[in-house]
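Source file protein27.cif; content: mmCIF, C-alpha atoms and all ligand atoms.
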data_coords
loop_
_atom_site.group_PDB
_atom_site.id
_atom_site.type_symbol
_atom_site.label_atom_id
_atom_site.label_comp_id
_atom_site.auth_asym_id
_atom_site.auth_seq_id
_atom_site.Cartn_x
_atom_site.Cartn_y
_atom_site.Cartn_z
ATOM 1 C CA MET A 1 0.000 0.000 0.000
ATOM 2 C CA LYS A 2 1.304 3.459 -0.805
ATOM 3 C CA SER A 3 0.084 7.003 -0.755
ATOM 4 C CA THR A 4 -2.604 7.977 -3.188
ATOM 5 C CA GLY A 5 -1.845 8.700 -6.797
ATOM 6 C CA GLY A 6 -5.331 9.977 -7.435
ATOM 7 C CA ARG A 7 -6.685 6.824 -9.095
ATOM 8 C CA LEU A 8 -10.228 5.953 -8.058
ATOM 9 C CA ALA A 9 -10.192 2.683 -6.105
ATOM 10 C CA ARG A 10 -13.142 0.308 -5.950
ATOM 11 C CA VAL A 11 -13.463 -0.312 -2.235
ATOM 12 C CA ARG A 12 -13.233 2.476 0.255
ATOM 13 C CA ARG A 13 -12.749 2.010 3.987
ATOM 14 C CA LYS A 14 -12.482 4.503 6.780
ATOM 15 C CA VAL A 15 -9.807 4.386 9.476
ATOM 16 C CA ALA A 16 -10.179 6.594 12.572
ATOM 17 C CA VAL A 17 -7.046 7.552 14.499
ATOM 18 C CA GLY A 18 -7.497 8.549 18.134
ATOM 19 C CA GLY A 19 -5.378 9.257 21.208
ATOM 20 C CA GLU A 20 -4.359 12.122 23.458
ATOM 21 C CA GLY A 21 -2.821 15.346 22.180
ATOM 22 C CA GLY A 22 0.824 15.191 21.109
ATOM 23 C CA VAL A 23 1.217 11.378 21.064
ATOM 24 C CA GLY A 24 2.193 11.455 17.376
ATOM 25 C CA LYS A 25 -0.996 10.580 15.459
ATOM 26 C CA THR A 26 -0.413 13.064 12.651
ATOM 27 C CA THR A 27 3.291 12.204 12.391
ATOM 28 C CA ILE A 28 2.410 8.483 12.042
ATOM 29 C CA CYS A 29 -0.137 9.313 9.317
ATOM 30 C CA ARG A 30 2.502 11.331 7.499
ATOM 31 C CA ARG A 31 4.895 8.383 7.708
ATOM 32 C CA LEU A 32 2.265 5.985 6.382
ATOM 33 C CA THR A 33 1.656 8.248 3.399
ATOM 34 C CA ASP A 34 5.316 9.158 2.755
ATOM 35 C CA ARG A 35 4.678 12.757 3.734
ATOM 36 C CA PHE A 36 7.085 12.678 6.677
ATOM 37 C CA SER A 37 9.402 15.624 7.076
ATOM 38 C CA VAL A 38 11.751 16.510 9.914
ATOM 39 C CA GLY A 39 10.704 19.574 11.875
ATOM 40 C CA GLY A 40 7.686 18.295 13.767
ATOM 41 C CA SER A 41 4.049 19.043 13.216
ATOM 42 C CA SER A 42 1.565 21.409 14.736
ATOM 43 C CA MET A 43 -1.457 20.173 16.645
ATOM 44 C CA THR A 44 -4.464 19.054 14.623
ATOM 45 C CA ILE A 45 -7.490 21.358 14.617
ATOM 46 C CA GLY A 46 -10.578 19.129 14.445
ATOM 47 C CA VAL A 47 -9.409 16.521 11.940
ATOM 48 C CA ASP A 48 -6.758 15.923 9.275
ATOM 49 C CA PHE A 49 -7.366 13.571 6.342
ATOM 50 C CA PHE A 50 -4.953 11.142 4.689
ATOM 51 C CA VAL A 51 -5.467 8.633 1.891
ATOM 52 C CA LEU A 52 -3.707 5.248 1.656
ATOM 53 C CA GLU A 53 -4.191 3.365 -1.589
ATOM 54 C CA GLY A 54 -3.723 -0.387 -2.015
ATOM 55 C CA GLU A 55 -4.864 -3.194 -4.290
ATOM 56 C CA GLY A 56 -8.333 -2.042 -5.338
ATOM 57 C CA LYS A 57 -8.750 -0.501 -1.890
ATOM 58 C CA GLU A 58 -8.574 3.005 -0.625
ATOM 59 C CA LEU A 59 -8.244 3.834 3.053
ATOM 60 C CA ILE A 60 -9.483 7.231 4.098
ATOM 61 C CA VAL A 61 -7.702 8.028 7.341
ATOM 62 C CA TYR A 62 -9.407 10.426 9.751
ATOM 63 C CA ASP A 63 -6.648 11.745 12.001
ATOM 64 C CA LEU A 64 -8.531 13.235 14.950
ATOM 65 C CA ALA A 65 -7.409 16.105 17.140
ATOM 66 C CA GLY A 66 -6.454 14.821 20.587
ATOM 67 C CA GLN A 67 -6.772 18.049 22.549
ATOM 68 C CA ARG A 68 -9.616 18.060 25.044
ATOM 69 C CA ARG A 69 -11.355 21.025 23.423
ATOM 70 C CA PHE A 70 -12.072 18.855 20.327
ATOM 71 C CA PHE A 71 -13.635 15.920 22.222
ATOM 72 C CA HIS A 72 -17.184 16.914 21.211
ATOM 73 C CA LEU A 73 -16.310 16.293 17.531
ATOM 74 C CA HIS A 74 -15.076 12.712 17.913
ATOM 75 C CA ARG A 75 -18.341 10.792 17.923
ATOM 76 C CA GLY A 76 -19.446 12.271 14.603
ATOM 77 C CA LEU A 77 -16.048 11.908 12.971
ATOM 78 C CA VAL A 78 -15.524 8.250 13.973
ATOM 79 C CA SER A 79 -18.942 7.243 12.635
ATOM 80 C CA GLY A 80 -18.690 4.718 9.783
ATOM 81 C CA ALA A 81 -15.061 3.721 10.454
ATOM 82 C CA THR A 82 -14.029 0.087 9.887
ATOM 83 C CA VAL A 83 -10.755 0.288 11.816
ATOM 84 C CA GLY A 84 -9.753 2.303 14.843
ATOM 85 C CA MET A 85 -6.131 3.116 15.618
ATOM 86 C CA LEU A 86 -5.557 4.166 19.229
ATOM 87 C CA VAL A 87 -2.173 5.814 19.682
ATOM 88 C CA PHE A 88 -0.308 6.491 22.924
ATOM 89 C CA ASP A 89 3.142 7.824 23.798
ATOM 90 C CA LEU A 90 5.453 5.118 25.224
ATOM 91 C CA SER A 91 7.306 7.778 27.234
ATOM 92 C CA ARG A 92 4.046 9.029 28.878
ATOM 93 C CA PRO A 93 2.092 6.145 30.493
ATOM 94 C CA SER A 94 -0.876 8.440 31.248
ATOM 95 C CA THR A 95 -1.578 8.595 27.506
ATOM 96 C CA LEU A 96 -2.167 4.800 27.529
ATOM 97 C CA TYR A 97 -4.371 4.769 30.601
ATOM 98 C CA SER A 98 -6.687 7.500 29.295
ATOM 99 C CA LEU A 99 -7.702 5.645 26.127
ATOM 100 C CA GLY A 100 -10.887 4.164 27.625
ATOM 101 C CA ARG A 101 -13.023 7.079 26.470
ATOM 102 C CA TRP A 102 -11.609 6.780 22.930
ATOM 103 C CA ALA A 103 -12.216 3.018 22.817
ATOM 104 C CA GLU A 104 -15.810 3.604 23.909
ATOM 105 C CA VAL A 105 -16.388 6.160 21.146
ATOM 106 C CA MET A 106 -14.980 3.670 18.622
ATOM 107 C CA ARG A 107 -17.017 0.742 19.908
ATOM 108 C CA GLU A 108 -20.212 2.807 19.839
ATOM 109 C CA ALA A 109 -19.452 3.758 16.228
ATOM 110 C CA GLY A 110 -19.271 0.051 15.335
ATOM 111 C CA VAL A 111 -15.554 -0.070 14.508
ATOM 112 C CA LYS A 112 -14.692 -3.707 13.646
ATOM 113 C CA GLU A 113 -11.145 -3.797 14.971
ATOM 114 C CA ILE A 114 -8.987 -1.605 17.154
ATOM 115 C CA ILE A 115 -5.196 -1.503 16.783
ATOM 116 C CA LEU A 116 -3.268 -0.161 19.792
ATOM 117 C CA VAL A 117 -0.134 1.757 18.769
ATOM 118 C CA GLY A 118 2.632 2.663 21.242
ATOM 119 C CA ASN A 119 4.584 5.491 19.596
ATOM 120 C CA LYS A 120 7.885 7.301 20.318
ATOM 121 C CA LEU A 121 9.858 4.061 20.652
ATOM 122 C CA ASP A 122 12.999 6.170 20.101
ATOM 123 C CA LEU A 123 12.535 7.882 23.502
ATOM 124 C CA PRO A 124 13.161 6.243 26.915
ATOM 125 C CA THR A 125 10.218 3.840 27.166
ATOM 126 C CA ARG A 126 8.072 3.794 30.307
ATOM 127 C CA VAL A 127 5.496 1.233 29.172
ATOM 128 C CA SER A 128 6.443 -2.444 28.644
ATOM 129 C CA ARG A 129 4.934 -4.652 25.977
ATOM 130 C CA GLU A 130 3.224 -6.695 28.724
ATOM 131 C CA GLU A 131 1.612 -3.565 30.182
ATOM 132 C CA ALA A 132 0.486 -2.442 26.731
ATOM 133 C CA GLU A 133 -0.964 -5.893 25.983
ATOM 134 C CA ALA A 134 -2.840 -5.980 29.296
ATOM 135 C CA GLU A 135 -4.380 -2.583 28.558
ATOM 136 C CA ALA A 136 -5.139 -3.647 24.962
ATOM 137 C CA ALA A 137 -7.284 -6.451 26.376
ATOM 138 C CA GLU A 138 -9.170 -3.892 28.512
ATOM 139 C CA LEU A 139 -9.686 -1.645 25.483
ATOM 140 C CA GLY A 140 -10.769 -4.473 23.178
ATOM 141 C CA ALA A 141 -7.743 -4.021 20.892
ATOM 142 C CA LYS A 142 -6.585 -7.232 19.190
ATOM 143 C CA ARG A 143 -3.174 -5.997 18.030
ATOM 144 C CA VAL A 144 -0.421 -3.994 19.699
ATOM 145 C CA ILE A 145 2.272 -2.348 17.579
ATOM 146 C CA PHE A 146 5.167 -0.208 18.795
ATOM 147 C CA THR A 147 6.377 2.511 16.428
ATOM 148 C CA SER A 148 8.650 5.488 16.146
ATOM 149 C CA ALA A 149 7.253 7.998 13.705
ATOM 150 C CA LEU A 150 10.599 9.749 14.073
ATOM 151 C CA ASP A 151 12.953 6.946 12.936
ATOM 152 C CA GLY A 152 10.331 4.830 11.139
ATOM 153 C CA ARG A 153 10.507 1.689 13.283
ATOM 154 C CA GLY A 154 7.264 -0.321 13.276
ATOM 155 C CA ILE A 155 5.651 1.752 10.523
ATOM 156 C CA GLU A 156 5.804 -1.088 7.975
ATOM 157 C CA GLU A 157 4.293 -3.466 10.525
ATOM 158 C CA LEU A 158 1.488 -0.985 11.128
ATOM 159 C CA ARG A 159 0.905 -0.562 7.395
ATOM 160 C CA ARG A 160 0.654 -4.359 6.971
ATOM 161 C CA ALA A 161 -1.707 -4.649 9.948
ATOM 162 C CA LEU A 162 -4.005 -2.000 8.460
ATOM 163 C CA GLU A 163 -4.004 -3.831 5.121
ATOM 164 C CA GLU A 164 -4.786 -7.157 6.809
ATOM 165 C CA VAL A 165 -7.599 -5.780 8.925
ATOM 166 C CA VAL A 166 -9.187 -4.021 5.977
ATOM 167 C CA SER A 167 -8.814 -7.088 3.711
ATOM 168 C CA GLY A 168 -10.509 -9.234 6.334
ATOM 169 C CA SER A 169 -13.481 -6.880 6.618
ATOM 170 C CA ASP A 170 -16.471 -6.760 4.330
ATOM 171 C CA GLY A 171 -17.994 -3.560 5.561
HETATM 172 N N1 LIG A 201 10.643 11.492 19.651
HETATM 173 C C1 LIG A 201 9.525 11.341 18.929
HETATM 174 N N2 LIG A 201 8.731 12.411 18.698
HETATM 175 C C2 LIG A 201 7.603 12.224 17.961
HETATM 176 C C3 LIG A 201 7.243 10.957 17.439
HETATM 177 N N3 LIG A 201 6.069 11.101 16.771
HETATM 178 C C4 LIG A 201 5.708 12.393 16.884
HETATM 179 N N4 LIG A 201 6.634 13.076 17.597
HETATM 180 C C5 LIG A 201 6.602 14.514 17.938
HETATM 181 O O1 LIG A 201 5.556 14.720 18.885
HETATM 182 C C6 LIG A 201 4.921 15.977 18.641
HETATM 183 C C7 LIG A 201 3.427 15.792 18.438
HETATM 184 O O2 LIG A 201 3.214 15.028 17.261
HETATM 185 P P1 LIG A 201 1.834 15.078 16.449
HETATM 186 O O3 LIG A 201 1.947 14.059 15.369
HETATM 187 O O4 LIG A 201 1.478 16.451 16.077
HETATM 188 O O5 LIG A 201 0.831 14.588 17.595
HETATM 189 P P2 LIG A 201 -0.765 14.392 17.493
HETATM 190 O O6 LIG A 201 -1.056 13.112 18.217
HETATM 191 O O7 LIG A 201 -1.196 14.458 16.076
HETATM 192 O O8 LIG A 201 -1.324 15.627 18.348
HETATM 193 P P3 LIG A 201 -2.766 16.378 18.215
HETATM 194 O O9 LIG A 201 -2.960 16.711 16.782
HETATM 195 O O10 LIG A 201 -2.663 17.585 19.094
HETATM 196 O O11 LIG A 201 -3.799 15.424 18.736
HETATM 197 C C8 LIG A 201 5.626 16.596 17.420
HETATM 198 O O12 LIG A 201 6.613 17.480 17.875
HETATM 199 C C9 LIG A 201 6.258 15.392 16.739
HETATM 200 O O13 LIG A 201 7.417 15.712 16.005
HETATM 201 C C10 LIG A 201 8.121 9.847 17.690
HETATM 202 O O14 LIG A 201 7.903 8.702 17.286
HETATM 203 N N5 LIG A 201 9.231 10.117 18.440
HETATM 204 MG MG MG A 202 -2.501 15.674 15.086
#
How does the structure come out when it is put into structure tokens?
Ligand SMILES: Nc1nc2c(ncn2[C@@H]2O[C@H](COP(=O)(O)OP(=O)(O)OP(=O)(O)O)[C@@H](O)[C@H]2O)c(=O)[nH]1
Ligand SMILES: [Mg+2]
Amino acid sequence: MKSTGGRLARVRRKVAVGGEGGVGKTTICRRLTDRFSVGGSSMTIGVDFFVLEGEGKELIVYDLAGQRRFFHLHRGLVSGATVGMLVFDLSRPSTLYSLGRWAEVMREAGVKEIILVGNKLDLPTRVSREEAEAEAAELGAKRVIFTSALDGRGIEELRRALEEVVSGSDG
């Protein structure tokens, strides 16, 4: 799967990306769509959109704003998503343990699978894989992937997981 070239794909699926402010959601989306550039990103206002194109499939990625003041928008924006990506910052455990509200919004919207993503693997890590997996079970997330949107680790694994989840879904 690569970033869009503008061709119209047959099947379209929606992916919603949630998680607290500053955990790296937008930077991960940029990585996934080859739009990464050094120099950081500014916080998302409301929502950013990305398109990932694969074999006859197009993923429309809704990258939600994590700041509290945008919480009222989430329910409407997640509606109709097939996959939910919940992102936390491995160097800030509180960003993992506050994902319950996000998981609830995604479940209520009928998201078929949630992927839990621990980002900023390049920084000193304060959450172990075991801790992340235990919380994933609480959140109803079937997969846990650790990434660094800065150095690119785990991004291919995440891309493959998204492809697999979308291929396995029929709605
Ligand atoms: N060290 C490190 N920094 C990262 C990583 N990913 C993102 N950042 C930095 O973290 C900051 C926030 O990243 P964003 O991608 O804007 O975070 P966000 O989750 O989209 O934040 P909101 O839009 O406010 O919800 C930026 O300065 C990024 O450069 C990473 O993997 N490692
Ligand atoms: Mg953002």
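One distance worth recording is that between atom CA of Gly21 of chain A and atom CA of Ser167 of chain A, which is 29.7 Å.
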Need the shell around segment 106-119 of chain A: protein/DNA/RNA residues with any atom at most 6 Å away, counting all atoms listed in the file. Skip same-chain ones fewer than 5 positions apart. Format as a PyMOL selection string? chain A and resi 79+81-90+141+143-148
To test your reading of the syntax: which residues would the PyMOL selection byres (((not hetatm)) within 10 of (chain A and resi 202)) return for the file shown? Reply as a ChimeraX atom specification. /A:17-29,41-48,63-67
Residues selected by the PyMOL selection byres (((chain A and resi 77) around 8) and not hetatm), written as a PDB file with C-alpha atoms, in the frame of the given file:
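Result written to expr-v1.pdb:
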ATOM      1  CA  ALA A  16     -10.179   6.594  12.572  1.00  0.00           C
ATOM      2  CA  TYR A  62      -9.407  10.426   9.751  1.00  0.00           C
ATOM      3  CA  LEU A  64      -8.531  13.235  14.950  1.00  0.00           C
ATOM      4  CA  LEU A  73     -16.310  16.293  17.531  1.00  0.00           C
ATOM      5  CA  HIS A  74     -15.076  12.712  17.913  1.00  0.00           C
ATOM      6  CA  ARG A  75     -18.341  10.792  17.923  1.00  0.00           C
ATOM      7  CA  GLY A  76     -19.446  12.271  14.603  1.00  0.00           C
ATOM      8  CA  VAL A  78     -15.524   8.250  13.973  1.00  0.00           C
ATOM      9  CA  SER A  79     -18.942   7.243  12.635  1.00  0.00           C
TER      10      SER A  79
END
Write out as AutoDock Vina command-line options an axis-aligned box for ligand LIG 201 (chain A): all of its atoms listed in the file, 4 Å added on each side, centre and edge lengths in Å with one decimal.
--center_x 3.4 --center_y 13.1 --center_z 17.5 --size_x 22.4 --size_y 16.9 --size_z 12.3
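Distance check against Arg31 of chain A using all atoms listed in the file: of A:Leu162, A:Leu59, A:Ala134, A:Ile155, the minimum falls on A:Ile155.
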Place a sphere of radius 6 Å on (-13.8, -1.5, 25.8) in the file coordinates and name every protein, DNA or RNA residue with an atom inside or on its surface, counting all atoms listed in the file; give the answer as a ChimeraX atom specification. /A:103-104,138-140
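Distance annotation: of A:Val166, A:Leu96, A:Val61, A:Leu158, the residue with the minimal separation from Arg129 of chain A is A:Leu96; atom set is all atoms listed in the file.
Reported to one decimal place, the separation of atom CA of Val165 of chain A from atom CA of Arg13 of chain A is 10.6 Å.
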Expected selection from the PyMOL selection byres (((chain A and resi 51) around 7) and not hetatm), given as a PyMOL selection string: chain A and resi 3-4+49-50+52-53+58-61
So the first atom is atom C1 of ligand LIG 201 (chain A) and the second is atom CA of Leu150 of chain A; what is the distance between them in Å, to one decimal place? 5.2 Å
Please identify all polymer residues within 8 Å of Lys57 of chain A, counting only C-alpha atoms, omitting same-chain residues fewer than 6 positions from it, and present them as a PyMOL selection string. chain A and resi 9-13
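Take the candidates A:Ser94, A:Glu133, A:Asp122, A:Ser128 and check each one against Arg153 of chain A using all atoms listed in the file; the shortest distance goes to A:Asp122.
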Reconstruct segment 112-130 of chain A at the level of N, CA and C atoms, and format the result as an mmCIF file, keeping the file's coordinate frame.
data_model
loop_
_atom_site.group_PDB
_atom_site.id
_atom_site.type_symbol
_atom_site.label_atom_id
_atom_site.label_comp_id
_atom_site.auth_asym_id
_atom_site.auth_seq_id
_atom_site.Cartn_x
_atom_site.Cartn_y
_atom_site.Cartn_z
ATOM 1 N N LYS A 112 -14.821 -2.250 13.598
ATOM 2 C CA LYS A 112 -14.692 -3.707 13.646
ATOM 3 C C LYS A 112 -13.434 -4.170 14.354
ATOM 4 N N GLU A 113 -12.370 -3.406 14.266
ATOM 5 C CA GLU A 113 -11.145 -3.797 14.971
ATOM 6 C C GLU A 113 -10.385 -2.568 15.427
ATOM 7 N N ILE A 114 -9.814 -2.689 16.621
ATOM 8 C CA ILE A 114 -8.987 -1.605 17.154
ATOM 9 C C ILE A 114 -7.528 -2.073 17.198
ATOM 10 N N ILE A 115 -6.637 -1.239 16.700
ATOM 11 C CA ILE A 115 -5.196 -1.503 16.783
ATOM 12 C C ILE A 115 -4.617 -0.514 17.792
ATOM 13 N N LEU A 116 -3.898 -1.033 18.798
ATOM 14 C CA LEU A 116 -3.268 -0.161 19.792
ATOM 15 C C LEU A 116 -1.830 0.109 19.351
ATOM 16 N N VAL A 117 -1.467 1.387 19.257
ATOM 17 C CA VAL A 117 -0.134 1.757 18.769
ATOM 18 C C VAL A 117 0.621 2.530 19.854
ATOM 19 N N GLY A 118 1.747 1.971 20.298
ATOM 20 C CA GLY A 118 2.632 2.663 21.242
ATOM 21 C C GLY A 118 3.699 3.381 20.441
ATOM 22 N N ASN A 119 3.672 4.704 20.449
ATOM 23 C CA ASN A 119 4.584 5.491 19.596
ATOM 24 C C ASN A 119 5.701 6.127 20.425
ATOM 25 N N LYS A 120 6.688 6.654 19.744
ATOM 26 C CA LYS A 120 7.885 7.301 20.318
ATOM 27 C C LYS A 120 8.832 6.286 20.938
ATOM 28 N N LEU A 121 8.964 5.146 20.247
ATOM 29 C CA LEU A 121 9.858 4.061 20.652
ATOM 30 C C LEU A 121 11.312 4.539 20.732
ATOM 31 N N ASP A 122 11.622 5.633 20.076
ATOM 32 C CA ASP A 122 12.999 6.170 20.101
ATOM 33 C C ASP A 122 13.326 6.884 21.413
ATOM 34 N N LEU A 123 12.307 7.195 22.219
ATOM 35 C CA LEU A 123 12.535 7.882 23.502
ATOM 36 C C LEU A 123 12.647 6.830 24.613
ATOM 37 N N PRO A 124 13.152 7.203 25.803
ATOM 38 C CA PRO A 124 13.161 6.243 26.915
ATOM 39 C C PRO A 124 11.735 5.766 27.198
ATOM 40 N N THR A 125 11.549 4.436 27.097
ATOM 41 C CA THR A 125 10.218 3.840 27.166
ATOM 42 C C THR A 125 9.792 3.588 28.611
ATOM 43 N N ARG A 126 8.573 3.993 28.935
ATOM 44 C CA ARG A 126 8.072 3.794 30.307
ATOM 45 C C ARG A 126 6.867 2.870 30.354
ATOM 46 N N VAL A 127 6.578 2.222 29.232
ATOM 47 C CA VAL A 127 5.496 1.233 29.172
ATOM 48 C C VAL A 127 6.067 -0.027 28.523
ATOM 49 N N SER A 128 5.935 -1.191 29.209
ATOM 50 C CA SER A 128 6.443 -2.444 28.644
ATOM 51 C C SER A 128 5.407 -3.029 27.687
ATOM 52 N N ARG A 129 5.861 -3.986 26.890
ATOM 53 C CA ARG A 129 4.934 -4.652 25.977
ATOM 54 C C ARG A 129 3.832 -5.370 26.765
ATOM 55 N N GLU A 130 4.214 -5.977 27.902
ATOM 56 C CA GLU A 130 3.224 -6.695 28.724
ATOM 57 C C GLU A 130 2.149 -5.725 29.226
#
